[in-house]
>>> print(open('model36.cif').read())   # mmCIF, C-alpha atoms and all ligand atoms
data_work
loop_
_atom_site.label_atom_id
_atom_site.label_comp_id
_atom_site.auth_asym_id
_atom_site.auth_seq_id
_atom_site.Cartn_x
_atom_site.Cartn_y
_atom_site.Cartn_z
CA MET A 1 -15.99 -15.36 -0.51
CA HIS A 2 -12.35 -15.83 0.41
CA ILE A 3 -10.36 -12.73 1.28
CA LEU A 4 -6.59 -12.58 1.72
CA VAL A 5 -5.43 -9.90 4.14
CA THR A 6 -1.84 -8.72 4.11
CA ASN A 7 0.14 -5.56 4.86
CA ASP A 8 3.61 -4.07 4.76
CA ASP A 9 3.99 -3.25 8.45
CA GLY A 10 4.32 -6.84 9.62
CA VAL A 11 1.93 -9.49 10.87
CA ASN A 12 1.83 -8.00 14.37
CA ALA A 13 0.77 -4.52 13.24
CA PRO A 14 -2.54 -3.33 14.74
CA GLY A 15 -3.74 -2.09 11.35
CA LEU A 16 -3.64 -5.65 9.98
CA LEU A 17 -5.71 -6.93 12.89
CA ALA A 18 -8.31 -4.18 12.37
CA LEU A 19 -8.49 -5.00 8.66
CA ALA A 20 -8.81 -8.77 9.19
CA GLN A 21 -11.63 -8.18 11.68
CA ALA A 22 -13.39 -5.79 9.29
CA MET A 23 -13.27 -8.34 6.44
CA ARG A 24 -14.63 -11.23 8.49
CA PRO A 25 -18.36 -10.46 7.90
CA LEU A 26 -17.67 -10.62 4.14
CA GLY A 27 -16.33 -14.17 4.01
CA ASN A 28 -13.54 -16.48 4.94
CA VAL A 29 -10.40 -14.51 5.81
CA SER A 30 -6.83 -15.78 5.42
CA VAL A 31 -3.89 -13.76 6.69
CA LEU A 32 -0.42 -14.00 5.16
CA ALA A 33 1.81 -11.06 5.96
CA PRO A 34 5.51 -10.27 6.34
CA ASP A 35 7.17 -11.14 9.64
CA ARG A 36 8.64 -7.62 9.88
CA ASN A 37 8.12 -4.08 8.66
CA TRP A 38 8.62 -3.65 4.89
CA SER A 39 7.25 -0.10 4.60
CA ALA A 40 8.53 1.71 1.50
CA SER A 41 9.97 -1.51 0.06
CA GLY A 42 8.25 -1.09 -3.33
CA HIS A 43 7.20 -3.94 -5.59
CA VAL A 44 9.47 -6.83 -4.72
CA LYS A 45 9.97 -10.30 -6.10
CA THR A 46 12.44 -12.30 -4.02
CA LEU A 47 14.47 -14.46 -6.38
CA HIS A 48 17.78 -15.17 -4.75
CA ARG A 49 16.94 -16.67 -1.40
CA PRO A 50 14.35 -19.13 -0.13
CA LEU A 51 11.17 -17.86 1.46
CA ARG A 52 10.09 -19.20 4.83
CA VAL A 53 6.54 -19.24 6.15
CA LYS A 54 5.57 -19.72 9.79
CA GLU A 55 2.25 -20.29 11.45
CA THR A 56 1.35 -17.60 13.95
CA SER A 57 -1.74 -15.85 15.25
CA LEU A 58 -3.04 -12.30 15.53
CA ALA A 59 -3.67 -10.63 18.88
CA ASP A 60 -7.31 -11.82 18.84
CA GLY A 61 -6.29 -15.44 18.21
CA THR A 62 -6.98 -15.44 14.45
CA PRO A 63 -4.63 -17.94 12.80
CA ALA A 64 -2.18 -16.24 10.45
CA LEU A 65 0.87 -17.01 8.35
CA ALA A 66 4.03 -14.91 8.46
CA SER A 67 6.67 -14.94 5.76
CA ASP A 68 10.16 -13.47 5.64
CA GLY A 69 9.36 -12.18 2.15
CA ALA A 70 8.10 -8.78 1.06
CA PRO A 71 4.38 -7.89 0.97
CA SER A 72 4.20 -8.69 -2.76
CA ASP A 73 5.95 -12.02 -2.09
CA CYS A 74 3.29 -12.84 0.50
CA VAL A 75 0.53 -12.24 -2.05
CA ALA A 76 2.34 -14.32 -4.70
CA LEU A 77 2.94 -17.16 -2.22
CA ALA A 78 -0.73 -17.25 -1.30
CA ILE A 79 -2.04 -17.05 -4.86
CA LEU A 80 0.48 -19.55 -6.28
CA GLY A 81 -0.78 -22.27 -4.00
CA LEU A 82 0.45 -21.85 -0.44
CA ILE A 83 -3.17 -21.14 0.44
CA ARG A 84 -5.28 -23.81 -1.22
CA GLU A 85 -8.71 -22.19 -1.23
CA PRO A 86 -9.09 -19.88 -4.26
CA ILE A 87 -8.87 -16.19 -3.34
CA ASP A 88 -11.53 -13.69 -4.45
CA LEU A 89 -10.05 -10.48 -3.06
CA VAL A 90 -6.71 -9.28 -1.67
CA VAL A 91 -6.83 -6.43 0.83
CA SER A 92 -3.63 -4.79 2.07
CA GLY A 93 -3.30 -2.54 5.10
CA ILE A 94 -4.31 -0.74 7.10
CA ASN A 95 -1.17 1.35 6.69
CA PRO A 96 -0.76 4.00 9.40
CA HIS A 97 0.30 6.65 6.86
CA ALA A 98 -1.36 7.75 3.64
CA ASN A 99 -0.05 6.47 0.30
CA LEU A 100 -0.57 9.37 -2.06
CA GLY A 101 0.74 10.53 -5.40
CA TYR A 102 4.15 9.09 -6.20
CA ASP A 103 4.16 7.21 -2.88
CA VAL A 104 2.44 4.33 -4.63
CA THR A 105 5.60 2.95 -6.24
CA TYR A 106 7.44 3.04 -2.90
CA SER A 107 4.53 1.62 -0.97
CA GLY A 108 4.57 -1.98 0.20
CA THR A 109 0.87 -1.63 1.01
CA VAL A 110 -0.01 -0.63 -2.56
CA THR A 111 2.39 -3.01 -4.30
CA ALA A 112 0.88 -5.96 -2.39
CA ALA A 113 -2.45 -5.04 -3.99
CA LEU A 114 -0.75 -4.61 -7.38
CA GLU A 115 0.65 -8.13 -7.07
CA ALA A 116 -2.93 -9.42 -6.80
CA CYS A 117 -3.69 -7.58 -10.03
CA ILE A 118 -0.80 -9.34 -11.80
CA TRP A 119 -2.48 -12.65 -11.01
CA GLY A 120 -5.87 -11.44 -12.21
CA LEU A 121 -7.34 -10.94 -8.76
CA LYS A 122 -9.05 -7.93 -7.24
CA GLY A 123 -6.80 -5.88 -4.98
CA LEU A 124 -7.38 -3.08 -2.50
CA ALA A 125 -4.84 -1.02 -0.57
CA VAL A 126 -6.02 0.80 2.55
CA SER A 127 -4.13 3.55 4.36
CA VAL A 128 -5.09 6.05 7.03
CA GLU A 129 -3.44 9.44 7.40
CA SER A 130 -2.47 9.50 11.05
CA PRO A 131 -1.77 12.93 12.51
CA GLU A 132 1.89 13.73 13.11
CA ASP A 133 1.14 14.88 16.67
CA LEU A 134 -0.97 11.83 17.58
CA ARG A 135 -0.51 10.64 21.16
CA GLY A 136 -1.54 7.16 22.20
CA PRO A 137 -2.61 4.35 19.92
CA LEU A 138 -4.01 5.02 16.47
CA ASP A 139 -7.74 4.22 16.13
CA TYR A 140 -8.03 2.05 13.01
CA GLY A 141 -11.79 1.58 13.51
CA PRO A 142 -13.07 4.28 11.13
CA ALA A 143 -10.65 3.29 8.33
CA ALA A 144 -11.57 -0.37 8.88
CA GLN A 145 -15.25 0.52 8.37
CA VAL A 146 -14.35 2.26 5.13
CA ALA A 147 -12.37 -0.82 4.05
CA TYR A 148 -15.41 -2.99 4.80
CA ARG A 149 -17.72 -0.77 2.74
CA VAL A 150 -15.36 -0.62 -0.24
CA ALA A 151 -14.62 -4.36 -0.14
CA LYS A 152 -18.33 -5.18 0.05
CA THR A 153 -19.02 -2.90 -2.92
CA VAL A 154 -16.15 -4.40 -4.93
CA LEU A 155 -17.33 -7.94 -4.22
CA LYS A 156 -20.80 -6.93 -5.44
CA ASN A 157 -19.77 -4.91 -8.52
CA GLY A 158 -16.45 -6.51 -9.47
CA LEU A 159 -13.52 -4.39 -10.61
CA PRO A 160 -12.41 -3.69 -14.18
CA SER A 161 -9.55 -6.09 -14.91
CA GLY A 162 -6.06 -4.77 -14.24
CA ILE A 163 -7.32 -2.18 -11.77
CA VAL A 164 -6.42 -1.84 -8.09
CA LEU A 165 -8.11 0.58 -5.71
CA ASN A 166 -5.85 2.70 -3.55
CA ILE A 167 -7.94 3.89 -0.62
CA ASN A 168 -6.75 6.70 1.64
CA VAL A 169 -8.75 7.67 4.69
CA PRO A 170 -8.35 10.88 6.70
CA TYR A 171 -8.07 10.46 10.46
CA LEU A 172 -11.65 11.34 11.38
CA PRO A 173 -14.49 9.68 13.33
CA ALA A 174 -16.52 7.17 11.30
CA GLU A 175 -19.60 9.41 11.12
CA ARG A 176 -17.56 12.03 9.29
CA LEU A 177 -16.32 9.57 6.65
CA GLU A 178 -19.39 9.63 4.43
CA GLU A 179 -17.94 11.14 1.28
CA PHE A 180 -16.08 8.69 -0.99
CA THR A 181 -14.38 10.47 -3.89
CA ILE A 182 -12.81 8.84 -6.93
CA THR A 183 -9.51 10.63 -7.38
CA ARG A 184 -6.34 10.77 -9.41
CA GLN A 185 -2.83 10.75 -8.00
CA GLY A 186 -1.80 14.15 -6.72
CA LEU A 187 1.62 15.70 -6.48
CA ARG A 188 3.67 14.82 -3.48
CA ILE A 189 6.38 17.17 -2.30
CA TYR A 190 9.22 15.17 -0.82
CA ARG A 191 11.44 16.88 1.71
CA ASP A 192 14.13 14.22 1.88
CA GLU A 193 17.56 15.25 2.98
CA LEU A 194 20.78 13.31 2.72
CA ILE A 195 22.36 13.03 6.13
CA ARG A 196 26.02 12.06 6.27
CA ARG A 197 27.55 10.91 9.53
CA GLU A 198 30.54 8.92 10.61
CA ASP A 199 30.45 5.56 12.28
CA PRO A 200 32.65 4.89 15.35
CA ARG A 201 35.45 3.75 13.02
CA GLY A 202 35.42 7.04 11.14
CA ARG A 203 33.80 5.68 8.00
CA PRO A 204 30.94 7.67 6.51
CA TYR A 205 27.40 6.38 6.37
CA TYR A 206 24.33 7.95 4.85
CA TRP A 207 20.73 8.23 5.92
CA ILE A 208 17.88 9.56 3.81
CA GLY A 209 16.17 11.73 6.39
CA GLY A 210 14.28 15.01 6.42
CA ASP A 211 10.66 15.87 7.11
CA LEU A 212 7.63 13.83 6.08
CA PRO A 213 6.34 14.59 2.58
CA ILE A 214 3.58 17.12 2.04
CA GLY A 215 1.62 17.62 -1.18
CA VAL A 216 -0.20 19.99 -3.49
CA GLU A 217 -3.81 20.51 -2.39
CA GLU A 218 -5.60 20.15 -5.69
CA ASP A 219 -9.26 19.20 -6.20
CA GLY A 220 -9.80 15.76 -7.65
CA THR A 221 -6.53 14.39 -6.33
CA ASP A 222 -5.89 11.90 -3.56
CA TYR A 223 -3.96 14.47 -1.51
CA GLY A 224 -6.52 17.25 -2.01
CA THR A 225 -9.38 14.93 -1.08
CA ILE A 226 -8.04 13.58 2.20
CA THR A 227 -6.77 17.04 3.16
CA SER A 228 -10.35 18.29 2.91
CA GLY A 229 -11.67 15.35 4.95
CA GLY A 230 -12.92 13.02 2.20
CA VAL A 231 -12.14 9.36 1.61
CA SER A 232 -9.96 9.10 -1.51
CA ILE A 233 -10.28 6.11 -3.84
CA THR A 234 -7.80 6.11 -6.70
CA PRO A 235 -8.01 3.42 -9.38
CA LEU A 236 -4.43 2.39 -10.23
CA GLN A 237 -3.09 0.25 -13.05
CA LEU A 238 0.24 -1.47 -13.60
CA ASP A 239 0.51 -0.16 -17.15
CA LEU A 240 2.80 2.81 -16.52
CA THR A 241 3.21 3.64 -20.21
CA ALA A 242 3.23 7.40 -20.82
CA TYR A 243 0.88 7.30 -23.81
CA SER A 244 1.00 11.07 -24.20
CA ALA A 245 4.76 10.90 -24.90
CA MET A 246 4.63 8.12 -27.49
CA LYS A 247 3.86 10.30 -30.51
CA THR A 248 6.63 12.81 -29.78
CA LEU A 249 9.19 10.10 -29.17
CA SER A 250 8.13 8.18 -32.28
CA ASP A 251 8.99 11.23 -34.38
CA TRP A 252 12.53 11.45 -33.05
CA ARG A 253 15.47 10.62 -35.26
CA TRP A 254 17.81 8.48 -33.24
CA GLU A 255 21.41 9.72 -33.13
CA ARG A 256 24.12 7.61 -34.71
MN MN A 301 3.71 0.58 6.11
#
>>> encode(input="model36.cif", output="C-alpha cells")
Amino acid sequence: MHILVTNDDGVNAPGLLALAQAMRPLGNVSVLAPDRNWSASGHVKTLHRPLRVKETSLADGTPALASDGAPSDCVALAILGLIREPIDLVVSGINPHANLGYDVTYSGTVTAALEACIWGLKGLAVSVESPEDLRGPLDYGPAAQVAYRVAKTVLKNGLPSGIVLNINVPYLPAERLEEFTITRQGLRIYRDELIRREDPRGRPYYWIGGDLPIGVEEDGTDYGTITSGGVSITPLQLDLTAYSAMKTLSDWRWER
C-alpha cells in the first residue's frame, strides 16, 4: 500500500508528523504538503503561477516534499506524476481544529481529501477538536490512532467511489475514543465580525474577526457527535447538487 500524507497547516506542523507516523504500519508513506499554513483556503487549483517543490524532512527525519501550492495542489501534483509510485490512499491532517458542518468548503484539510476523490482515489480528512483553553502542546496521539484504525478499515473495505471520509475526533484520551459514529454535517454557527481599522497612513483595512464558531448540538450530526465525546465520520461527496430543489425550480417560468 502507498499512502500520501498531506495537510493544510504546513509541512512542519506536528499534526502532519503524527499522521505520517500513524500511517507507516499500513504501507509506504509519502509526504507532500504545503510549505506554509493554508488553513481555511478552500478548494484551490493554482493556475496562474508556477508551483515549486522542495525536498525537506519531518522532525523525525522522514523525507518529505514541500510545495508552495495549496493543499489540493499538493494532492494533484502527487497524483499527476510528481510521485511516481501509484497512490492507494490520501490522508490529510491532522488538523488542530474540527472541520464540521459548513466548515468543509473552507477547509484545506477536507479539500485536500476531496482532490483525491476527483482523481478517483480514496481520501480521508482527519481533524481533532482542541480545547480553546489548552495549555502546552496538543497531543495528536489519540487522533492519530483513530486515523490509523479508519485508514486500515478503508484499505480493507474500500470506499464507495466519489466518497471522502471527514473524520473529527474529540480531544480525549485514546481509551475513551471507542465509539465511531457515521454522521451528517451539522449546523455551524459562525460568529464572524467585520473589524475595520486604519493603517498608519490613515487608510482603512478590514479583518474578519470575532469568536470561534460554535454549532447546534443535534444527534446524528458531526457537531453533536464530537460534542458528546464520539468520533464523527461523515461521508462527503463533491456532488453539491441540491436534488430536493430541482423539481420546484424546474416548474418555474423564467421571467422575460
Ligand atoms: Mn488547518
>>> residues_near_ligand(input="model36.cif", ligand="ligand MN 301 (chain A)", cutoff="12 Å", atoms="all atoms listed in the file", output="count of residues only")
44
>>> atom_distance(input="model36.cif", atom1="atom CA of His2 of chain A", atom2="atom CA of Asn28 of chain A")
4.7 Å
>>> closest_residue(input="model36.cif", among="A:Val150, A:Ile214, A:Ile233, A:Pro173", to="Arg188 of chain A", atoms="only C-alpha atoms")
A:Ile214
>>> closest_residue(input="model36.cif", among="A:Arg184, A:Glu255, A:Leu47, A:Asp199", to="Gly220 of chain A", atoms="all atoms listed in the file")
A:Arg184
>>> residues_around(input="model36.cif", residues="segment 57-61 of chain A", least_positions_apart="2", cutoff="12 Å", atoms="all atoms listed in the file", output="MDAnalysis selection string")
chainID A and resid 5 10:21 30:33 35 54:55 63:66
>>> atom_distance(input="model36.cif", atom1="atom CA of Gly210 of chain A", atom2="atom CA of Glu132 of chain A")
14.1 Å
>>> atom_distance(input="model36.cif", atom1="atom CA of Gly27 of chain A", atom2="atom CA of Met1 of chain A")
4.7 Å
>>> residues_around(input="model36.cif", residues="Val231 of chain A", least_positions_apart="6", cutoff="9 Å", atoms="only C-alpha atoms", output="PyMOL selection string")
chain A and resi 146+167-170+177-182+222+225
>>> write_last_selection(input="model36.cif", atoms="C-alpha atoms", output="PDB file, in the frame of the given file")
ATOM      1  CA  VAL A 146     -14.350   2.260   5.130  1.00  0.00           C
ATOM      2  CA  ILE A 167      -7.940   3.890  -0.620  1.00  0.00           C
ATOM      3  CA  ASN A 168      -6.750   6.700   1.640  1.00  0.00           C
ATOM      4  CA  VAL A 169      -8.750   7.670   4.690  1.00  0.00           C
ATOM      5  CA  PRO A 170      -8.350  10.880   6.700  1.00  0.00           C
ATOM      6  CA  LEU A 177     -16.320   9.570   6.650  1.00  0.00           C
ATOM      7  CA  GLU A 178     -19.390   9.630   4.430  1.00  0.00           C
ATOM      8  CA  GLU A 179     -17.940  11.140   1.280  1.00  0.00           C
ATOM      9  CA  PHE A 180     -16.080   8.690  -0.990  1.00  0.00           C
ATOM     10  CA  THR A 181     -14.380  10.470  -3.890  1.00  0.00           C
ATOM     11  CA  ILE A 182     -12.810   8.840  -6.930  1.00  0.00           C
ATOM     12  CA  ASP A 222      -5.890  11.900  -3.560  1.00  0.00           C
ATOM     13  CA  THR A 225      -9.380  14.930  -1.080  1.00  0.00           C
TER      14      THR A 225
END
>>> closest_residue(input="model36.cif", among="A:Arg191, A:Lys45, A:Arg256, A:Arg52", to="Pro213 of chain A", atoms="all atoms listed in the file")
A:Arg191
>>> closest_residue(input="model36.cif", among="A:Ala151, A:Leu249, A:Gly120, A:Thr221", to="Pro25 of chain A", atoms="all atoms listed in the file")
A:Ala151
>>> residues_around(input="model36.cif", residues="Leu155 of chain A", least_positions_apart="3", cutoff="9 Å", atoms="only C-alpha atoms", output="VMD selection string")
chain A and resid 1 26 88 to 89 122 150 to 152 158 to 159
>>> decode(input="model36.cif", residues="segment 18-31 of chain A", atoms="all heavy atoms", output="PDB file, in the first residue's frame")
ATOM      1  N   ALA A  18       2.481  13.391  13.241  1.00  0.00           N
ATOM      2  CA  ALA A  18       1.734  12.337  13.953  1.00  0.00           C
ATOM      3  C   ALA A  18       0.982  11.449  12.962  1.00  0.00           C
ATOM      4  O   ALA A  18       0.933  10.226  13.123  1.00  0.00           O
ATOM      5  CB  ALA A  18       0.768  12.978  14.947  1.00  0.00           C
ATOM      6  N   LEU A  19       0.421  12.066  11.927  1.00  0.00           N
ATOM      7  CA  LEU A  19      -0.352  11.313  10.935  1.00  0.00           C
ATOM      8  C   LEU A  19       0.568  10.418  10.097  1.00  0.00           C
ATOM      9  O   LEU A  19       0.259   9.248   9.853  1.00  0.00           O
ATOM     10  CB  LEU A  19      -1.127  12.282  10.042  1.00  0.00           C
ATOM     11  CG  LEU A  19      -2.102  11.668   9.049  1.00  0.00           C
ATOM     12  CD1 LEU A  19      -3.166  10.834   9.753  1.00  0.00           C
ATOM     13  CD2 LEU A  19      -2.770  12.757   8.206  1.00  0.00           C
ATOM     14  N   ALA A  20       1.698  10.963   9.675  1.00  0.00           N
ATOM     15  CA  ALA A  20       2.647  10.178   8.868  1.00  0.00           C
ATOM     16  C   ALA A  20       3.134   8.969   9.667  1.00  0.00           C
ATOM     17  O   ALA A  20       3.214   7.856   9.149  1.00  0.00           O
ATOM     18  CB  ALA A  20       3.823  11.057   8.438  1.00  0.00           C
ATOM     19  N   GLN A  21       3.418   9.187  10.942  1.00  0.00           N
ATOM     20  CA  GLN A  21       3.882   8.077  11.792  1.00  0.00           C
ATOM     21  C   GLN A  21       2.785   7.034  11.982  1.00  0.00           C
ATOM     22  O   GLN A  21       3.056   5.838  12.006  1.00  0.00           O
ATOM     23  CB  GLN A  21       4.361   8.615  13.145  1.00  0.00           C
ATOM     24  CG  GLN A  21       5.670   9.403  13.012  1.00  0.00           C
ATOM     25  CD  GLN A  21       6.131  10.039  14.318  1.00  0.00           C
ATOM     26  OE1 GLN A  21       5.339  10.209  15.248  1.00  0.00           O
ATOM     27  NE2 GLN A  21       7.398  10.412  14.376  1.00  0.00           N
ATOM     28  N   ALA A  22       1.542   7.499  12.102  1.00  0.00           N
ATOM     29  CA  ALA A  22       0.421   6.561  12.304  1.00  0.00           C
ATOM     30  C   ALA A  22       0.155   5.716  11.060  1.00  0.00           C
ATOM     31  O   ALA A  22      -0.327   4.588  11.156  1.00  0.00           O
ATOM     32  CB  ALA A  22      -0.833   7.337  12.702  1.00  0.00           C
ATOM     33  N   MET A  23       0.445   6.267   9.867  1.00  0.00           N
ATOM     34  CA  MET A  23       0.174   5.546   8.616  1.00  0.00           C
ATOM     35  C   MET A  23       1.269   4.528   8.279  1.00  0.00           C
ATOM     36  O   MET A  23       1.054   3.619   7.484  1.00  0.00           O
ATOM     37  CB  MET A  23       0.030   6.533   7.448  1.00  0.00           C
ATOM     38  CG  MET A  23      -1.188   7.439   7.510  1.00  0.00           C
ATOM     39  SD  MET A  23      -2.742   6.514   7.543  1.00  0.00           S
ATOM     40  CE  MET A  23      -3.324   6.915   9.186  1.00  0.00           C
ATOM     41  N   ARG A  24       2.436   4.707   8.867  1.00  0.00           N
ATOM     42  CA  ARG A  24       3.593   3.903   8.475  1.00  0.00           C
ATOM     43  C   ARG A  24       3.369   2.383   8.587  1.00  0.00           C
ATOM     44  O   ARG A  24       3.774   1.647   7.687  1.00  0.00           O
ATOM     45  CB  ARG A  24       4.829   4.341   9.271  1.00  0.00           C
ATOM     46  CG  ARG A  24       6.112   3.942   8.590  1.00  0.00           C
ATOM     47  CD  ARG A  24       7.294   4.702   9.145  1.00  0.00           C
ATOM     48  NE  ARG A  24       7.250   6.114   8.827  1.00  0.00           N
ATOM     49  CZ  ARG A  24       7.633   7.093   9.654  1.00  0.00           C
ATOM     50  NH1 ARG A  24       8.059   6.812  10.864  1.00  0.00           N
ATOM     51  NH2 ARG A  24       7.587   8.351   9.280  1.00  0.00           N
ATOM     52  N   PRO A  25       2.697   1.893   9.643  1.00  0.00           N
ATOM     53  CA  PRO A  25       2.465   0.436   9.705  1.00  0.00           C
ATOM     54  C   PRO A  25       1.569  -0.091   8.582  1.00  0.00           C
ATOM     55  O   PRO A  25       1.516  -1.296   8.354  1.00  0.00           O
ATOM     56  CB  PRO A  25       1.762   0.243  11.059  1.00  0.00           C
ATOM     57  CG  PRO A  25       2.026   1.480  11.833  1.00  0.00           C
ATOM     58  CD  PRO A  25       2.202   2.579  10.836  1.00  0.00           C
ATOM     59  N   LEU A  26       0.879   0.814   7.880  1.00  0.00           N
ATOM     60  CA  LEU A  26      -0.070   0.380   6.840  1.00  0.00           C
ATOM     61  C   LEU A  26       0.562   0.298   5.456  1.00  0.00           C
ATOM     62  O   LEU A  26      -0.047  -0.218   4.522  1.00  0.00           O
ATOM     63  CB  LEU A  26      -1.272   1.338   6.792  1.00  0.00           C
ATOM     64  CG  LEU A  26      -2.121   1.394   8.064  1.00  0.00           C
ATOM     65  CD1 LEU A  26      -3.160   2.498   7.955  1.00  0.00           C
ATOM     66  CD2 LEU A  26      -2.783   0.048   8.317  1.00  0.00           C
ATOM     67  N   GLY A  27       1.755   0.835   5.299  1.00  0.00           N
ATOM     68  CA  GLY A  27       2.376   0.769   3.971  1.00  0.00           C
ATOM     69  C   GLY A  27       3.461   1.808   3.816  1.00  0.00           C
ATOM     70  O   GLY A  27       3.949   2.393   4.783  1.00  0.00           O
ATOM     71  N   ASN A  28       3.778   2.044   2.549  1.00  0.00           N
ATOM     72  CA  ASN A  28       4.787   3.030   2.211  1.00  0.00           C
ATOM     73  C   ASN A  28       4.146   4.418   2.276  1.00  0.00           C
ATOM     74  O   ASN A  28       3.092   4.635   1.695  1.00  0.00           O
ATOM     75  CB  ASN A  28       5.276   2.696   0.789  1.00  0.00           C
ATOM     76  CG  ASN A  28       6.462   3.517   0.387  1.00  0.00           C
ATOM     77  OD1 ASN A  28       7.064   4.187   1.220  1.00  0.00           O
ATOM     78  ND2 ASN A  28       6.779   3.474  -0.890  1.00  0.00           N
ATOM     79  N   VAL A  29       4.765   5.325   3.004  1.00  0.00           N
ATOM     80  CA  VAL A  29       4.175   6.657   3.188  1.00  0.00           C
ATOM     81  C   VAL A  29       4.996   7.702   2.437  1.00  0.00           C
ATOM     82  O   VAL A  29       6.216   7.763   2.584  1.00  0.00           O
ATOM     83  CB  VAL A  29       4.112   7.020   4.691  1.00  0.00           C
ATOM     84  CG1 VAL A  29       3.647   8.460   4.889  1.00  0.00           C
ATOM     85  CG2 VAL A  29       3.193   6.066   5.439  1.00  0.00           C
ATOM     86  N   SER A  30       4.312   8.503   1.608  1.00  0.00           N
ATOM     87  CA  SER A  30       4.951   9.678   1.011  1.00  0.00           C
ATOM     88  C   SER A  30       4.297  10.918   1.610  1.00  0.00           C
ATOM     89  O   SER A  30       3.096  10.922   1.878  1.00  0.00           O
ATOM     90  CB  SER A  30       4.743   9.709  -0.505  1.00  0.00           C
ATOM     91  OG  SER A  30       5.422   8.645  -1.116  1.00  0.00           O
ATOM     92  N   VAL A  31       5.109  11.952   1.806  1.00  0.00           N
ATOM     93  CA  VAL A  31       4.584  13.205   2.351  1.00  0.00           C
ATOM     94  C   VAL A  31       4.808  14.311   1.332  1.00  0.00           C
ATOM     95  O   VAL A  31       5.937  14.523   0.869  1.00  0.00           O
ATOM     96  CB  VAL A  31       5.278  13.570   3.684  1.00  0.00           C
ATOM     97  CG1 VAL A  31       4.780  14.915   4.197  1.00  0.00           C
ATOM     98  CG2 VAL A  31       5.057  12.472   4.734  1.00  0.00           C
TER      99      VAL A  31
END
